[in-house]
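**Student:** Attaching a single structure in structure tokens format; questions to follow.
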Amino acid sequence: MPKRLVLILPLLLAAAVLPGDPAPPAQASVLGRAAAAQVAPSLAERVAKLTGPGSINDTEARFQLKATDLGILWDNGSGEILTAFGDSYGSGWTGPGGGAGDPATLDWRCNLLFRSKDRNLADGMTLDSAAEDRPGHAKQFLDCKKIDRDEHTVIPTAGIAVGRRQYVHYMSVNHWGPAGSWYTNHAGFAYSDDNGETWTKDPKAIWKNTAAWNSNFQMSALVRSAGYVYMIGTPNGRFGNAHLARVPEKLVMSKSSWRYWDGRTWSNREDAAVPITIGPVSEVSVQWNAHLGKWLMMYLDEHRASVVLRSAASLTGPWSGQQVVARSTEFPGLYGTYMHPWSSGEDLYFTMSQWDPYNVYLMRTKLTDDGLKTNLVSDPGFEGQTGATVSPPWQLNGTGGVDKTDLAHTGKNNAYLRGSIGSHQLQQNVAVRPHHRYRLSAWIRTADNNTETSLGIRTLRGKPLAQKTGGAHPQYTQVSLEFTSGPESLLQLHTGFFAYNQDTWLQLDDVILEELR
């Protein structure tokens with residue numbers, strides 16, 4: 001099976017209403033079959049700077065907004081795009097990042113809301129107006145205490161419209177932790193019936209965080225389909241898995257009406273939700289893409305320091321392996337990307353934040369379908385490995401690395417293991433749908449003395465589900481096995497060998513995990 005070469009691009013994806021609110025064609029029940037193929041993004045380009053000094057919107061002069069982040073986009077159903085920003089600052093901001101500057105003139109607002117009617121995105125996105133508290137001053141639209149270790153800030157994470165009512169999902173941040181970590185009091189919904197001028201937080205529509213700070217629905221993406229609002233939730237910070245919930249679209253503010261995907265059905269127990277994608281997932285955004293006929297999910301993978309894209313025919317999965325769309329080496333400090341709901345055809349527009357200069361940009365990429373069946377493995381051919389050392393999403397136990405010297409089955413790269421004693425393995429954690437049948441395959445070449453080659457799948461607790469062992473493979477050979485996932489939603493695929501006091505090696509390439517029909 002030929003390898004797909006992954007191209008680099010910056011991120012997007014949105015929590016947004018589907019254009020015109022249609023249910024996805026032939027898929028109104030989001031519990032669809034496995035996708036027939038997956039998305040291959042092109043190299044993205046920066047279209048325009050949207051906020052801050054030098055931006056096309058001159059937000060500092062027009063709205064006293066010098067620095068901000070996020071730029072969460074959704075269609076308000078009345079011919080406008082609403083855009084929610086996070087912590088925002090005025091003329092006293094000096095940077096880099098949030099909160100830096102002269103406290104007397106910092107003009108910190110925990111969140112802001114802007115509107116746009118611009119449909120010509122090729123030259124940027126015009127911000128036409130903002131919710132204001134006085135002329136020329138964008139206002140904080142959700143209240144926050146600004147007290148550290150109490151409620152430091154309140155930040156929007158998603159938005160959606162149902163009829164004329166606008167909903168924002170937000171997180172109440174207790175305090176910031178080490179890089180990639182923050183801790184929330186709760187998440188909740190607020191609504192507006194006047195196009196974002198005034199907002200009401202319902203104290204009953206909140207998801208309280210746990211004492212261990214690990215509630216699975218503290219940040220979210222929101223989409224509408226077939227009469228439901230779906231919430232793709234993650235814990236606070238950047239290291240959790242993604243989970244799924246839904247509610248009839250007229251009952252968004254009724255927390256007791258929400259149901260959680262448990263791998264087979266919709267449960268009324270929040271703790272029954274199973275992962276639909278494996279972490280680290282951060283600032284997730286999801287949208288139905290009519291051009292490709294599938295759902296897209298994009299987020300920051302903190303371990304890879306990259307923004308990645310997955311695709312699926314169904315919100316419940318299976319979700320494809322990651323495709324890297326942007327690396328921090330090219331866009332330092334990138335995060336917070338949200339797809340524009342008015343993107344059309346192969347052109348996908350999205351907002352993207354960078355920590356320095358702490359502002360928001362409009363980006364563009366082109367999406368195509370690679371024509372291959374959905375592979376749940378990320379970086380299956382190791383083309384995303386930038387050095388000779390194995391790096392996420394792969395893990396190395398023992399000794400090995402990445403060959404970049406034309407030893408691959410296809411493409412340029414392959415992984416290898418080499419050692420003279422003990423166990424040596426390459427492994428990757430993946431999300432699967434419980435109680436489904438799968439096939440795992442890989443192209444393997446070994447030394448002639450390698451009599452303990454293995455390919456297998458196990459639970460994250462180490463319990464084997466299936467394993468194939470065998471002898472040497474002097475030439476690249478496709479080794480495969482089939483298994484049933486049982487009640488598991490997270491599994492670990494692995495391959496390797498056990499060496500007995502002699503130099504032994506194994507080369508690995510083109511790993512495929514696919515759901516069987």
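Naming works like this for the structure tokens: A, B, ... for the chains as they're shown, residue 1 at the start of each chain, ligands 1 onward in shown order.
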So that I can check the surroundings of Arg304 in chain A, please list as a list in words every protein, DNA and RNA residue that reaches within 8 Å of it, counting only C-alpha atoms and ignoring chain neighbours fewer than 5 positions away.
**Tutor:**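 Those residues are Ser391, Pro392 and Pro393 of chain A.
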**Student:** Tell me, counting only C-alpha atoms, for each residue of range 123-206 of chain A within 7 Å of range 69-91 of chain A, which pair of atoms is nearest and how far apart they are in Å to one decimal, in rows ordered by chain and increasing number, as JSON lines.
**Tutor:**
```
{"residue": "A:Ile155", "atom": "CA", "partner": "A:Gly86", "partner_atom": "CA", "distance": 5.3}
{"residue": "A:Pro156", "atom": "CA", "partner": "A:Gly86", "partner_atom": "CA", "distance": 6.4}
{"residue": "A:Ala158", "atom": "CA", "partner": "A:Ile72", "partner_atom": "CA", "distance": 6.3}
{"residue": "A:Gly159", "atom": "CA", "partner": "A:Trp74", "partner_atom": "CA", "distance": 6.0}
{"residue": "A:Ile160", "atom": "CA", "partner": "A:Trp74", "partner_atom": "CA", "distance": 5.8}
{"residue": "A:Ala161", "atom": "CA", "partner": "A:Asn76", "partner_atom": "CA", "distance": 5.4}
{"residue": "A:Gly163", "atom": "CA", "partner": "A:Gly77", "partner_atom": "CA", "distance": 6.8}
{"residue": "A:Arg164", "atom": "CA", "partner": "A:Gly77", "partner_atom": "CA", "distance": 6.8}
{"residue": "A:Gln166", "atom": "CA", "partner": "A:Asn76", "partner_atom": "CA", "distance": 6.8}
```
**Student:** Take the residues from that selection and write them out as a PDB file, in the first residue's frame, keeping C-alpha atoms.
**Tutor:**
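Final output, saved to out_12.pdb:
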```
ATOM      1  CA  ILE A 155     -12.337  32.125  28.028  1.00  0.00           C
ATOM      2  CA  PRO A 156     -14.662  31.063  25.186  1.00  0.00           C
ATOM      3  CA  ALA A 158     -16.670  27.248  21.102  1.00  0.00           C
ATOM      4  CA  GLY A 159     -19.756  28.926  19.690  1.00  0.00           C
ATOM      5  CA  ILE A 160     -22.860  27.904  17.779  1.00  0.00           C
ATOM      6  CA  ALA A 161     -26.226  29.290  16.674  1.00  0.00           C
ATOM      7  CA  GLY A 163     -32.165  29.711  15.262  1.00  0.00           C
ATOM      8  CA  ARG A 164     -31.559  33.313  16.368  1.00  0.00           C
ATOM      9  CA  GLN A 166     -26.264  32.309  20.018  1.00  0.00           C
TER      10      GLN A 166
END
```
**Student:** Which neighbours of range 195-199 of chain A fall inside 7 Å, counting only C-alpha atoms, when residues of the same chain fewer than 6 positions from it are skipped, and could you give them as a VMD selection string?
**Tutor:** chain A and resid 131 141 to 142 166
**Student:** Please dump the current selection as a CSV table (one decimal), in the first residue's frame; keep C-alpha atoms.
**Tutor:**
```
chain,number,residue,atom,x,y,z
A,131,ALA,CA,-19.8,44.2,21.1
A,141,PHE,CA,-18.9,40.1,26.9
A,142,LEU,CA,-18.6,37.4,29.6
A,166,GLN,CA,-26.3,32.3,20.0
```
**Student:** Would you please work out which residue, of A:Met219, A:Leu491, A:Met125, A:Ala312, is nearest to Ser282 in chain A when using only C-alpha atoms?
**Tutor:**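 Nearest to Ser282 in chain A: A:Met219.
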**Student:** So which residues touch Lys468 in chain A within 12 Å, counting only C-alpha atoms, skipping near sequence neighbours fewer than 4 positions away, as a list in words?
**Tutor:** Leu440, Ser441, Ala442, Glu452, Thr453, Ser454, Leu455, Gly456, Ile457, Pro464, Gln478, Val479, Ser480, Leu481, Glu482, Phe483, Leu493, His494, Thr495, Gly496 and Phe497 of chain A
**Student:** How close does range 404-438 of chain A get to range 269-279 of chain A? List, as CSV, each residue of range 404-438 of chain A within 12 Å, its nearest atom pair and the distance in Å to one decimal, counting only C-alpha atoms.
**Tutor:**
```
residue,atom,partner,partner_atom,distance
A:Gln428,CA,A:Ile278,CA,10.6
A:Asn429,CA,A:Ile278,CA,7.5
A:Val430,CA,A:Ile278,CA,6.2
A:Ala431,CA,A:Thr277,CA,5.3
A:Val432,CA,A:Ile276,CA,7.3
A:Arg433,CA,A:Ile276,CA,7.5
A:Pro434,CA,A:Val274,CA,9.0
```
**Student:** List the spatial neighbours of Asn57 in chain A as a ChimeraX atom specification - criterion: any atom at most 10 Å away, only C-alpha atoms, same-chain residues fewer than 2 positions off excluded.
**Tutor:** /A:48-55,59-63,124-128
**Student:** Can you pull out the residues contacting Ser257 in chain A? Cut-off 8 Å, using only C-alpha atoms, and skip same-chain residues under 2 positions away; I want them as a count of residues only.
**Tutor:** 8
**Student:** Give the answer as one residue: which of A:Glu488, A:Asp370, A:Asp143, A:Glu249 has the shortest atom-to-atom distance to Thr200 in chain A, using only C-alpha atoms?
**Tutor:**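 Among the listed residues, the smallest separation from Thr200 in chain A belongs to A:Asp143.
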**Student:** Between A:Ala415, A:Ala211, A:Val168, A:Ala499, which has the minimum distance to Phe382 in chain A (counting only C-alpha atoms)?
**Tutor:**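 Once distances to Phe382 in chain A are computed over only C-alpha atoms, the minimum belongs to A:Ala415.
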**Student:** List the spatial neighbours of Pro318 in chain A as a JSON list (two decimals) with C-alpha atoms, in the first residue's frame - criterion: any atom at most 12 Å away, only C-alpha atoms, same-chain residues fewer than 3 positions off excluded.
**Tutor:**
```json
[["chain", "number", "residue", "atom", "x", "y", "z"],
["A", 30, "VAL", "CA", -23.47, 10.52, 12.79],
["A", 31, "LEU", "CA", -23.17, 6.79, 13.63],
["A", 32, "GLY", "CA", -21.96, 6.13, 10.11],
["A", 33, "ARG", "CA", -19.75, 3.50, 8.55],
["A", 34, "ALA", "CA", -15.98, 3.72, 8.33],
["A", 35, "ALA", "CA", -14.78, 6.42, 5.95],
["A", 36, "ALA", "CA", -13.67, 5.30, 2.52],
["A", 37, "ALA", "CA", -10.65, 7.59, 2.43],
["A", 38, "GLN", "CA", -8.94, 10.32, 4.41],
["A", 263, "GLY", "CA", -18.98, 3.36, 22.64],
["A", 275, "PRO", "CA", -12.49, 8.59, 24.06],
["A", 276, "ILE", "CA", -13.14, 9.06, 20.36],
["A", 277, "THR", "CA", -9.57, 10.26, 19.72],
["A", 278, "ILE", "CA", -6.48, 9.79, 21.83],
["A", 294, "LYS", "CA", -16.69, 13.96, 6.05],
["A", 295, "TRP", "CA", -16.00, 15.42, 9.46],
["A", 296, "LEU", "CA", -12.68, 17.13, 10.16],
["A", 297, "MET", "CA", -11.04, 17.49, 13.56],
["A", 310, "ARG", "CA", -8.03, 13.91, 11.51],
["A", 311, "SER", "CA", -11.05, 12.94, 9.41],
["A", 312, "ALA", "CA", -14.02, 10.61, 9.84],
["A", 313, "ALA", "CA", -17.34, 9.71, 8.24],
["A", 314, "SER", "CA", -18.94, 9.71, 11.69],
["A", 315, "LEU", "CA", -18.44, 11.82, 14.80],
["A", 321, "GLY", "CA", -4.53, 8.99, 12.10],
["A", 373, "LYS", "CA", -9.03, 3.68, 3.19],
["A", 374, "THR", "CA", -8.93, 5.29, 6.62],
["A", 375, "ASN", "CA", -5.78, 4.36, 8.52],
["A", 376, "LEU", "CA", -6.00, 4.91, 12.28],
["A", 377, "VAL", "CA", -2.21, 5.04, 12.66],
["A", 430, "VAL", "CA", -4.59, 4.56, 19.14],
["A", 431, "ALA", "CA", -8.31, 5.13, 19.63],
["A", 432, "VAL", "CA", -10.75, 2.52, 18.30],
["A", 433, "ARG", "CA", -14.48, 1.95, 18.45],
["A", 434, "PRO", "CA", -15.44, -0.62, 21.07],
["A", 436, "HIS", "CA", -15.55, -3.57, 16.29],
["A", 437, "ARG", "CA", -13.33, -5.73, 14.12],
["A", 438, "TYR", "CA", -9.92, -4.43, 12.97],
["A", 489, "SER", "CA", -11.61, 2.37, 23.21],
["A", 490, "LEU", "CA", -7.83, 2.90, 23.56],
["A", 513, "LEU", "CA", -4.78, -0.15, 11.32],
["A", 514, "GLU", "CA", -8.17, -0.26, 9.62],
["A", 515, "GLU", "CA", -11.69, -1.00, 10.76],
["A", 516, "LEU", "CA", -13.29, -3.91, 8.91],
["A", 517, "ARG", "CA", -16.83, -3.72, 7.62]]
```
**Student:** To one decimal in Å, tell me the separation between CA of Gly227 in chain A and CA of Leu244 in chain A.
**Tutor:** 15.9 Å
**Student:** Would you compute the distance between CA of Lys146 in chain A and CA of Leu334 in chain A? Give it in Å to one decimal.
**Tutor:**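 Separating CA of Lys146 in chain A from CA of Leu334 in chain A is a distance of 25.0 Å.
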**Student:** Provide the CA of Thr389 in chain A to CA of Gly471 in chain A distance in Å, to one decimal place.
**Tutor:**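 Separation of CA of Thr389 in chain A and CA of Gly471 in chain A: 26.3 Å.
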**Student:** Taking only C-alpha atoms into account, name the residue in A:Ala138, A:Met253, A:Ala242, A:Val511 that is nearest to Ser192 in chain A.
**Tutor:**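 Among A:Ala138, A:Met253, A:Ala242, A:Val511, it is A:Met253 that comes nearest to Ser192 in chain A.
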**Student:** I need the residues in range 155-346 of chain A that are strand (DSSP E) according to DSSP; give them as a VMD selection string.
**Tutor:** chain A and resid 155 to 162 165 to 176 182 to 192 200 to 208 219 to 225 228 to 234 240 to 248 259 to 261 266 to 267 277 to 289 294 to 301 306 to 312 323 to 327 334 to 339
